[in-house]
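Asker: The file below is target-v9.pdb, PDB, C-alpha atoms:
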```
ATOM      1  CA  MET A   1       0.000   0.000   0.000
ATOM      2  CA  SER A   2       1.211   3.463  -0.847
ATOM      3  CA  ASP A   3       1.137   6.441   1.494
ATOM      4  CA  PRO A   4      -0.934   8.945  -0.521
ATOM      5  CA  LYS A   5       0.234  11.998   1.460
ATOM      6  CA  LYS A   6       3.896  11.079   0.992
ATOM      7  CA  THR A   7       3.267  10.331  -2.684
ATOM      8  CA  VAL A   8       1.643  13.702  -3.358
ATOM      9  CA  LEU A   9       4.270  15.676  -1.448
ATOM     10  CA  SER A  10       7.097  13.879  -3.248
ATOM     11  CA  ALA A  11       5.465  14.259  -6.648
ATOM     12  CA  ALA A  12       4.579  17.925  -6.129
ATOM     13  CA  GLY A  13       8.092  18.637  -4.881
ATOM     14  CA  GLU A  14       9.649  17.237  -8.036
ATOM     15  CA  LEU A  15       7.042  18.595 -10.455
ATOM     16  CA  PHE A  16       6.514  22.079  -9.060
ATOM     17  CA  GLY A  17       9.485  22.521  -6.746
ATOM     18  CA  GLN A  18      12.256  21.199  -8.963
ATOM     19  CA  LYS A  19      10.186  21.877 -12.131
ATOM     20  CA  ASP A  20      11.266  18.485 -13.460
ATOM     21  CA  PRO A  21       9.123  17.232 -16.383
ATOM     22  CA  SER A  22      10.638  13.745 -16.067
ATOM     23  CA  ALA A  23       8.894  13.417 -12.684
ATOM     24  CA  VAL A  24       5.727  12.738 -14.686
ATOM     25  CA  ASP A  25       7.189   9.326 -15.600
ATOM     26  CA  ARG A  26       7.798   8.475 -11.936
ATOM     27  CA  TRP A  27       4.664   9.802 -10.312
ATOM     28  CA  VAL A  28       1.771  10.138 -12.784
ATOM     29  CA  ALA A  29      -0.556   7.350 -13.951
ATOM     30  CA  ALA A  30      -0.966   6.711 -17.674
ATOM     31  CA  ASP A  31      -4.720   7.422 -17.380
ATOM     32  CA  TYR A  32      -4.249  10.641 -15.353
ATOM     33  CA  ARG A  33      -7.586  12.463 -15.308
ATOM     34  CA  GLN A  34      -7.512  16.245 -15.196
ATOM     35  CA  HIS A  35     -10.292  18.560 -13.944
ATOM     36  CA  SER A  36      -8.279  21.795 -13.774
ATOM     37  CA  SER A  37      -9.047  24.622 -16.173
ATOM     38  CA  LEU A  38      -5.294  25.120 -16.641
ATOM     39  CA  ALA A  39      -4.303  21.877 -18.366
ATOM     40  CA  ALA A  40      -5.568  19.281 -20.810
ATOM     41  CA  ASP A  41      -6.121  15.646 -19.871
ATOM     42  CA  GLY A  42      -3.387  13.060 -19.419
ATOM     43  CA  PRO A  43       0.257  12.934 -18.307
ATOM     44  CA  GLU A  44       1.691  14.560 -21.434
ATOM     45  CA  ALA A  45      -0.312  17.732 -20.863
ATOM     46  CA  LEU A  46       1.027  17.861 -17.306
ATOM     47  CA  ARG A  47       4.551  17.348 -18.641
ATOM     48  CA  GLY A  48       4.058  20.299 -20.973
ATOM     49  CA  LEU A  49       2.740  22.464 -18.127
ATOM     50  CA  VAL A  50       5.753  21.689 -15.923
ATOM     51  CA  ALA A  51       8.198  22.209 -18.795
ATOM     52  CA  GLY A  52       6.708  25.643 -19.411
ATOM     53  CA  LEU A  53       6.912  26.934 -15.830
ATOM     54  CA  PRO A  54       8.789  30.254 -15.728
ATOM     55  CA  GLU A  55      12.090  30.879 -13.981
ATOM     56  CA  GLY A  56      10.562  32.615 -10.965
ATOM     57  CA  PHE A  57       7.834  30.034 -10.377
ATOM     58  CA  ARG A  58       7.540  28.567  -6.873
ATOM     59  CA  TYR A  59       4.920  26.985  -4.625
ATOM     60  CA  GLU A  60       4.535  27.940  -0.965
ATOM     61  CA  GLY A  61       2.654  25.223   0.906
ATOM     62  CA  ALA A  62       0.448  25.946   3.915
ATOM     63  CA  ARG A  63      -1.325  22.698   4.854
ATOM     64  CA  VAL A  64      -1.872  19.126   3.678
ATOM     65  CA  ILE A  65      -4.940  16.966   4.372
ATOM     66  CA  ALA A  66      -5.112  13.257   3.567
ATOM     67  CA  ASP A  67      -8.333  11.256   3.459
ATOM     68  CA  GLY A  68      -8.013   7.741   2.074
ATOM     69  CA  ASP A  69      -6.741   8.031  -1.495
ATOM     70  CA  LEU A  70      -7.415  11.805  -1.633
ATOM     71  CA  VAL A  71      -4.856  14.448  -0.658
ATOM     72  CA  VAL A  72      -5.519  18.193  -0.441
ATOM     73  CA  LEU A  73      -2.782  20.813  -0.780
ATOM     74  CA  HIS A  74      -3.520  24.366   0.344
ATOM     75  CA  GLY A  75      -0.948  26.976  -0.550
ATOM     76  CA  THR A  76       0.188  29.773  -2.830
ATOM     77  CA  TYR A  77       1.599  29.699  -6.349
ATOM     78  CA  HIS A  78       4.051  32.431  -7.306
ATOM     79  CA  GLY A  79       4.859  32.988 -10.967
ATOM     80  CA  PHE A  80       1.839  31.425 -12.698
ATOM     81  CA  GLY A  81       0.870  34.972 -13.629
ATOM     82  CA  PRO A  82       1.663  38.539 -12.614
ATOM     83  CA  ASP A  83       0.099  38.070  -9.165
ATOM     84  CA  PRO A  84       0.394  35.223  -6.625
ATOM     85  CA  LEU A  85      -2.525  32.781  -6.539
ATOM     86  CA  VAL A  86      -3.879  31.016  -3.464
ATOM     87  CA  ALA A  87      -4.941  27.493  -4.357
ATOM     88  CA  PHE A  88      -6.540  24.267  -3.281
ATOM     89  CA  ASP A  89      -5.340  21.181  -5.163
ATOM     90  CA  ILE A  90      -6.954  17.774  -4.706
ATOM     91  CA  PHE A  91      -5.118  14.674  -5.928
ATOM     92  CA  ARG A  92      -6.385  11.092  -6.042
ATOM     93  CA  VAL A  93      -3.640   8.504  -5.689
ATOM     94  CA  ASP A  94      -4.193   5.056  -7.218
ATOM     95  CA  ALA A  95      -3.283   1.656  -5.758
ATOM     96  CA  ASP A  96       0.101   1.786  -7.511
ATOM     97  CA  GLY A  97       1.041   5.010  -5.736
ATOM     98  CA  LYS A  98       0.600   7.207  -8.814
ATOM     99  CA  LEU A  99      -1.280  10.476  -9.230
ATOM    100  CA  ALA A 100      -4.491   9.439 -10.991
ATOM    101  CA  GLU A 101      -6.796  12.467 -10.813
ATOM    102  CA  HIS A 102      -6.598  16.186 -10.019
ATOM    103  CA  TRP A 103      -8.987  19.029  -9.181
ATOM    104  CA  ASP A 104      -8.100  22.608  -8.258
ATOM    105  CA  ALA A 105      -9.338  26.134  -7.616
ATOM    106  CA  LEU A 106      -7.226  29.294  -7.630
ATOM    107  CA  ALA A 107      -7.831  32.934  -6.705
ATOM    108  CA  PRO A 108      -5.631  36.037  -6.500
ATOM    109  CA  VAL A 109      -3.854  36.703  -3.217
ATOM    110  CA  VAL A 110      -5.322  39.741  -1.417
ATOM    111  CA  THR A 111      -2.882  41.538   0.878
ATOM    112  CA  ASP A 112      -5.340  43.924   2.574
ATOM    113  CA  THR A 113      -8.009  41.663   4.091
ATOM    114  CA  ALA A 114     -11.037  42.509   6.237
ATOM    115  CA  SER A 115      -9.866  40.324   9.134
ATOM    116  CA  GLY A 116      -6.168  41.164   8.898
ATOM    117  CA  ARG A 117      -5.515  37.465   8.335
ATOM    118  CA  SER A 118      -3.982  36.103   5.146
ATOM    119  CA  GLN A 119      -5.770  33.573   2.955
ATOM    120  CA  THR A 120      -3.452  30.779   4.130
ATOM    121  CA  ASP A 121      -2.156  31.579   7.636
ATOM    122  CA  GLY A 122      -3.372  29.900  10.826
ATOM    123  CA  PRO A 123      -3.012  26.366  12.229
ATOM    124  CA  THR A 124      -1.562  23.809   9.839
ATOM    125  CA  GLU A 125      -1.046  20.573  11.764
ATOM    126  CA  VAL A 126      -3.618  17.829  12.297
ATOM    127  CA  THR A 127      -3.671  17.347  16.079
ATOM    128  CA  ALA A 128      -6.857  15.306  16.618
ATOM    129  CA  PRO A 129      -7.048  12.526  14.005
ATOM    130  CA  GLU A 130      -9.557  10.618  16.113
ATOM    131  CA  THR A 131     -12.152  13.362  15.445
ATOM    132  CA  THR A 132     -12.107  12.949  11.655
ATOM    133  CA  GLU A 133     -15.458  11.226  11.147
ATOM    134  CA  ALA A 134     -17.349  13.316  13.716
ATOM    135  CA  ASN A 135     -16.010  16.500  12.132
ATOM    136  CA  ARG A 136     -16.807  15.273   8.615
ATOM    137  CA  ALA A 137     -20.392  14.541   9.704
ATOM    138  CA  LEU A 138     -20.752  17.955  11.366
ATOM    139  CA  VAL A 139     -19.470  19.882   8.343
ATOM    140  CA  ALA A 140     -21.432  17.747   5.864
ATOM    141  CA  ASP A 141     -24.619  18.464   7.809
ATOM    142  CA  PHE A 142     -23.717  22.170   7.904
ATOM    143  CA  ALA A 143     -23.166  22.133   4.141
ATOM    144  CA  ARG A 144     -26.513  20.421   3.552
ATOM    145  CA  LYS A 145     -28.617  22.610   5.837
ATOM    146  CA  VAL A 146     -26.867  25.993   5.726
ATOM    147  CA  LEU A 147     -24.853  26.198   2.512
ATOM    148  CA  VAL A 148     -27.210  24.349   0.166
ATOM    149  CA  GLY A 149     -30.412  24.689   2.196
ATOM    150  CA  ALA A 150     -29.727  28.359   3.094
ATOM    151  CA  ASP A 151     -31.215  27.836   6.568
ATOM    152  CA  TYR A 152     -29.252  30.450   8.509
ATOM    153  CA  SER A 153     -31.435  30.014  11.594
ATOM    154  CA  VAL A 154     -29.321  26.979  12.551
ATOM    155  CA  LEU A 155     -25.958  28.684  11.916
ATOM    156  CA  THR A 156     -24.946  28.672  15.583
ATOM    157  CA  ASP A 157     -25.600  24.926  15.800
ATOM    158  CA  TYR A 158     -22.449  24.543  13.708
ATOM    159  CA  ILE A 159     -20.311  27.690  13.977
ATOM    160  CA  SER A 160     -18.881  28.861  17.298
ATOM    161  CA  THR A 161     -20.313  32.122  18.605
ATOM    162  CA  GLU A 162     -17.085  32.737  20.525
ATOM    163  CA  THR A 163     -14.377  32.097  17.909
ATOM    164  CA  TYR A 164     -14.709  32.172  14.142
ATOM    165  CA  ASP A 165     -11.393  33.094  12.537
ATOM    166  CA  GLN A 166     -12.014  34.181   8.970
ATOM    167  CA  HIS A 167      -9.603  33.994   6.021
ATOM    168  CA  ASN A 168     -11.970  35.010   3.232
ATOM    169  CA  PRO A 169     -10.361  38.351   2.332
ATOM    170  CA  GLU A 170     -13.671  40.275   2.281
ATOM    171  CA  ALA A 171     -15.089  39.036   5.610
ATOM    172  CA  ALA A 172     -14.068  40.047   9.119
ATOM    173  CA  ASP A 173     -13.823  37.574  11.998
ATOM    174  CA  GLY A 174     -16.891  36.200  13.728
ATOM    175  CA  LEU A 175     -20.439  35.525  12.630
ATOM    176  CA  ALA A 176     -21.097  39.268  12.507
ATOM    177  CA  GLY A 177     -18.196  39.704  10.091
ATOM    178  CA  PHE A 178     -19.559  36.996   7.825
ATOM    179  CA  GLY A 179     -23.071  38.463   7.980
ATOM    180  CA  ALA A 180     -21.834  41.927   7.024
ATOM    181  CA  ALA A 181     -19.849  40.532   4.103
ATOM    182  CA  ALA A 182     -22.811  38.480   2.878
ATOM    183  CA  ALA A 183     -25.009  41.597   2.974
ATOM    184  CA  ARG A 184     -22.472  43.561   0.913
ATOM    185  CA  TRP A 185     -22.207  40.719  -1.610
ATOM    186  CA  ALA A 186     -25.989  40.592  -1.954
ATOM    187  CA  GLU A 187     -26.055  44.339  -2.677
ATOM    188  CA  GLN A 188     -23.537  43.664  -5.455
ATOM    189  CA  GLY A 189     -25.761  40.928  -6.926
ATOM    190  CA  LYS A 190     -23.470  38.175  -5.605
ATOM    191  CA  ASN A 191     -25.643  36.041  -3.362
ATOM    192  CA  LEU A 192     -23.944  32.944  -1.946
ATOM    193  CA  VAL A 193     -25.766  30.138  -3.738
ATOM    194  CA  TYR A 194     -24.598  26.560  -3.158
ATOM    195  CA  LYS A 195     -26.273  24.004  -5.418
ATOM    196  CA  THR A 196     -24.265  20.770  -5.134
ATOM    197  CA  VAL A 197     -21.669  19.485  -2.679
ATOM    198  CA  HIS A 198     -19.278  17.267  -4.623
ATOM    199  CA  GLN A 199     -16.732  16.189  -1.993
ATOM    200  CA  ALA A 200     -16.116  16.479   1.755
ATOM    201  CA  ILE A 201     -12.503  15.587   2.514
ATOM    202  CA  ALA A 202     -11.503  15.336   6.159
ATOM    203  CA  GLU A 203      -8.512  14.705   8.374
ATOM    204  CA  GLY A 204      -8.715  15.459  12.059
ATOM    205  CA  GLU A 205     -10.013  18.961  12.703
ATOM    206  CA  PHE A 206      -9.846  19.985   9.027
ATOM    207  CA  VAL A 207     -12.686  19.410   6.541
ATOM    208  CA  LEU A 208     -12.609  20.648   2.931
ATOM    209  CA  VAL A 209     -15.940  20.966   1.123
ATOM    210  CA  GLN A 210     -15.860  21.197  -2.676
ATOM    211  CA  SER A 211     -19.127  22.615  -4.006
ATOM    212  CA  GLU A 212     -20.737  24.030  -7.119
ATOM    213  CA  GLY A 213     -22.984  27.068  -7.167
ATOM    214  CA  GLU A 214     -23.287  30.716  -8.054
ATOM    215  CA  PHE A 215     -21.703  33.910  -6.773
ATOM    216  CA  GLY A 216     -22.993  36.353  -9.336
ATOM    217  CA  VAL A 217     -21.671  33.885 -11.930
ATOM    218  CA  PRO A 218     -21.285  30.079 -11.849
ATOM    219  CA  VAL A 219     -18.468  29.210  -9.428
ATOM    220  CA  ALA A 220     -16.592  26.427  -7.706
ATOM    221  CA  TYR A 221     -16.519  26.838  -3.934
ATOM    222  CA  TYR A 222     -13.643  25.308  -1.987
ATOM    223  CA  ASP A 223     -14.310  25.847   1.739
ATOM    224  CA  LEU A 224     -11.895  24.584   4.369
ATOM    225  CA  PHE A 225     -13.200  24.466   7.923
ATOM    226  CA  ARG A 226     -11.401  23.812  11.205
ATOM    227  CA  VAL A 227     -13.499  22.220  13.932
ATOM    228  CA  ARG A 228     -12.838  22.325  17.665
ATOM    229  CA  ASP A 229     -15.054  20.789  20.356
ATOM    230  CA  GLY A 230     -17.890  20.144  17.930
ATOM    231  CA  LYS A 231     -18.058  23.653  16.433
ATOM    232  CA  ILE A 232     -16.507  25.307  13.377
ATOM    233  CA  VAL A 233     -13.932  27.843  14.582
ATOM    234  CA  GLU A 234     -12.021  28.783  11.416
ATOM    235  CA  HIS A 235     -12.602  29.109   7.671
ATOM    236  CA  TRP A 236     -10.448  29.427   4.553
ATOM    237  CA  ASP A 237     -11.793  29.454   1.004
ATOM    238  CA  VAL A 238     -11.302  29.928  -2.704
ATOM    239  CA  ILE A 239     -14.220  30.999  -4.899
ATOM    240  CA  SER A 240     -13.315  30.386  -8.527
ATOM    241  CA  PRO A 241     -15.469  31.241 -11.572
ATOM    242  CA  ILE A 242     -16.326  28.257 -13.763
ATOM    243  CA  PRO A 243     -15.000  28.924 -17.283
ATOM    244  CA  ALA A 244     -17.292  28.480 -20.270
ATOM    245  CA  GLU A 245     -14.810  26.064 -21.847
ATOM    246  CA  LEU A 246     -12.283  23.614 -20.432
ATOM    247  CA  PRO A 247      -9.225  22.079 -22.158
ATOM    248  CA  HIS A 248     -10.709  18.593 -21.541
ATOM    249  CA  SER A 249     -14.105  16.902 -21.337
ATOM    250  CA  ASN A 250     -13.937  15.829 -17.659
ATOM    251  CA  GLY A 251     -15.738  18.797 -16.113
ATOM    252  CA  LEU A 252     -14.443  20.906 -13.237
ATOM    253  CA  PHE A 253     -15.791  18.484 -10.618
TER     254      PHE A 253
END
```
Could you write out this file's structure as structure tokens?

Answerer:
Amino acid sequence: MSDPKKTVLSAAGELFGQKDPSAVDRWVAADYRQHSSLAADGPEALRGLVAGLPEGFRYEGARVIADGDLVVLHGTYHGFGPDPLVAFDIFRVDADGKLAEHWDALAPVVTDTASGRSQTDGPTEVTAPETTEANRALVADFARKVLVGADYSVLTDYISTETYDQHNPEAADGLAGFGAAAARWAEQGKNLVYKTVHQAIAEGEFVLVQSEGEFGVPVAYYDLFRVRDGKIVEHWDVISPIPAELPHSNGLF
């Protein structure tokens, strides 16, 4: 049995750290399935992407979450474009220890945020692995009732009223900070609409929810929650517009 977290960290280090196209031969499955809007399907497209990375390109990792054969990377890409991009990458590792599937969402780094927190700072280590399934169930229920169901009357059943550290750049800390941001978004015609939850990936106190919905335009929502003592106490996210066309036929999800 492979160790998916070790596999992904090793592969990402060689592909995006060393910018070594030959790492595709060592780490990527022949039937590699791509969901990103940045690359076509298959290992050769990934090889071309790595070969074309610019001189100043680098990846700054923040946290890693492993759940069975799925591994989430949360960090910042420098050099993909003129501005740094905060990103969530999800990799599926097959039984042979090869990268078999990939999803991602990226958004520009914002330096002046409402909470004063960055989009990636905060706790990084999994300290309570025994809470994984309870936390997954809590966040999945929250996603079903509050995010998709839009029942905000039960918000405090899931989110702590004492501590809610916010990393969305437009929202301040606490439930009041989120409420104020949501009101501003609504005035701008950008209501938070969640239609489908595609994945809930959990390890310890961290749960990533990958969803599809609208935020003025069709978007992919990647929401990472940290749970403590049965309540959500911290939130990071990327909201990424869904492009009209993709360089493959696999869909974004």

Asker: Considering only C-alpha atoms, give me a table of residues in range 30-115 of chain A that are at most 10 Å from range 179-202 of chain A, with the closest atom pair and distance in Å for each, as JSON lines.

Answerer:
```
{"residue": "A:Ile65", "atom": "CA", "partner": "A:Ala202", "partner_atom": "CA", "distance": 7.0}
{"residue": "A:Ala66", "atom": "CA", "partner": "A:Ala202", "partner_atom": "CA", "distance": 7.2}
{"residue": "A:Asp67", "atom": "CA", "partner": "A:Ala202", "partner_atom": "CA", "distance": 5.8}
{"residue": "A:Gly68", "atom": "CA", "partner": "A:Ile201", "partner_atom": "CA", "distance": 9.1}
{"residue": "A:Leu70", "atom": "CA", "partner": "A:Ile201", "partner_atom": "CA", "distance": 7.6}
{"residue": "A:Val71", "atom": "CA", "partner": "A:Ile201", "partner_atom": "CA", "distance": 8.4}
{"residue": "A:Val72", "atom": "CA", "partner": "A:Ile201", "partner_atom": "CA", "distance": 8.0}
{"residue": "A:Ile90", "atom": "CA", "partner": "A:Ile201", "partner_atom": "CA", "distance": 9.4}
{"residue": "A:Ala114", "atom": "CA", "partner": "A:Ala181", "partner_atom": "CA", "distance": 9.3}
```

Asker: Those residues you just picked out, can you put them in a file as an mmCIF file, keeping the file's coordinate frame with C-alpha atoms?

Answerer:
```cif
data_model
loop_
_atom_site.group_PDB
_atom_site.id
_atom_site.type_symbol
_atom_site.label_atom_id
_atom_site.label_comp_id
_atom_site.auth_asym_id
_atom_site.auth_seq_id
_atom_site.Cartn_x
_atom_site.Cartn_y
_atom_site.Cartn_z
ATOM 1 C CA ILE A 65 -4.940 16.966 4.372
ATOM 2 C CA ALA A 66 -5.112 13.257 3.567
ATOM 3 C CA ASP A 67 -8.333 11.256 3.459
ATOM 4 C CA GLY A 68 -8.013 7.741 2.074
ATOM 5 C CA LEU A 70 -7.415 11.805 -1.633
ATOM 6 C CA VAL A 71 -4.856 14.448 -0.658
ATOM 7 C CA VAL A 72 -5.519 18.193 -0.441
ATOM 8 C CA ILE A 90 -6.954 17.774 -4.706
ATOM 9 C CA ALA A 114 -11.037 42.509 6.237
#
```

Asker: At a cut-off of 10 Å, using only C-alpha atoms, what residues contact Gly204 in chain A? Leave out same-chain residues fewer than 6 positions from it and give the result as a count of residues only.

Answerer: 18

Asker: How far is it from CA of Leu53 in chain A to CA of Val109 in chain A, in Å with one decimal?

Answerer: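 We find that CA of Leu53 in chain A and CA of Val109 in chain A lie 19.2 Å from each other.
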
Asker: What residues come out when you apply the PyMOL selection byres ((chain A and resi 6) around 12) to this file, written as a list of chain:residue names?

Answerer: A:Met1, A:Ser2, A:Asp3, A:Pro4, A:Lys5, A:Thr7, A:Val8, A:Leu9, A:Ser10, A:Ala11, A:Ala12, A:Gly13, A:Trp27, A:Val64, A:Ile65, A:Ala66, A:Asp69, A:Leu70, A:Val71, A:Val72, A:Leu73, A:Phe91, A:Val93, A:Gly97, A:Lys98, A:Leu99

Asker: Run the PyMOL selection byres ((chain A and resi 172-176) around 12) against the file shown and list the residues it catches, as a ChimeraX atom specification.

Answerer: /A:112-118,152,155-156,158-171,177-183,232-236

Asker: Of the candidates A:Asp89, A:Glu101, A:Asp83, A:Glu55, which shows the shortest atom-to-atom distance to Asp41 in chain A, using only C-alpha atoms?

Answerer: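 Selected residue with least distance to Asp41 in chain A: A:Glu101.
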
Asker: Using CA of Phe225 in chain A and CA of His102 in chain A as the two end points, give the distance in Å to one decimal.

Answerer: 20.8 Å

Asker: Using all atoms listed in the file, tabulate the residues of range 18-134 of chain A lying at most 9 Å from any atom of range 240-245 of chain A, each with its closest atom pair and that distance in Å to one decimal, by chain and increasing residue number, as JSON lines.

Answerer:
```
{"residue": "A:Ser37", "atom": "CA", "partner": "A:Pro243", "partner_atom": "CA", "distance": 7.4}
{"residue": "A:Ala105", "atom": "CA", "partner": "A:Ser240", "partner_atom": "CA", "distance": 5.9}
{"residue": "A:Leu106", "atom": "CA", "partner": "A:Ser240", "partner_atom": "CA", "distance": 6.3}
{"residue": "A:Ala107", "atom": "CA", "partner": "A:Ser240", "partner_atom": "CA", "distance": 6.3}
```
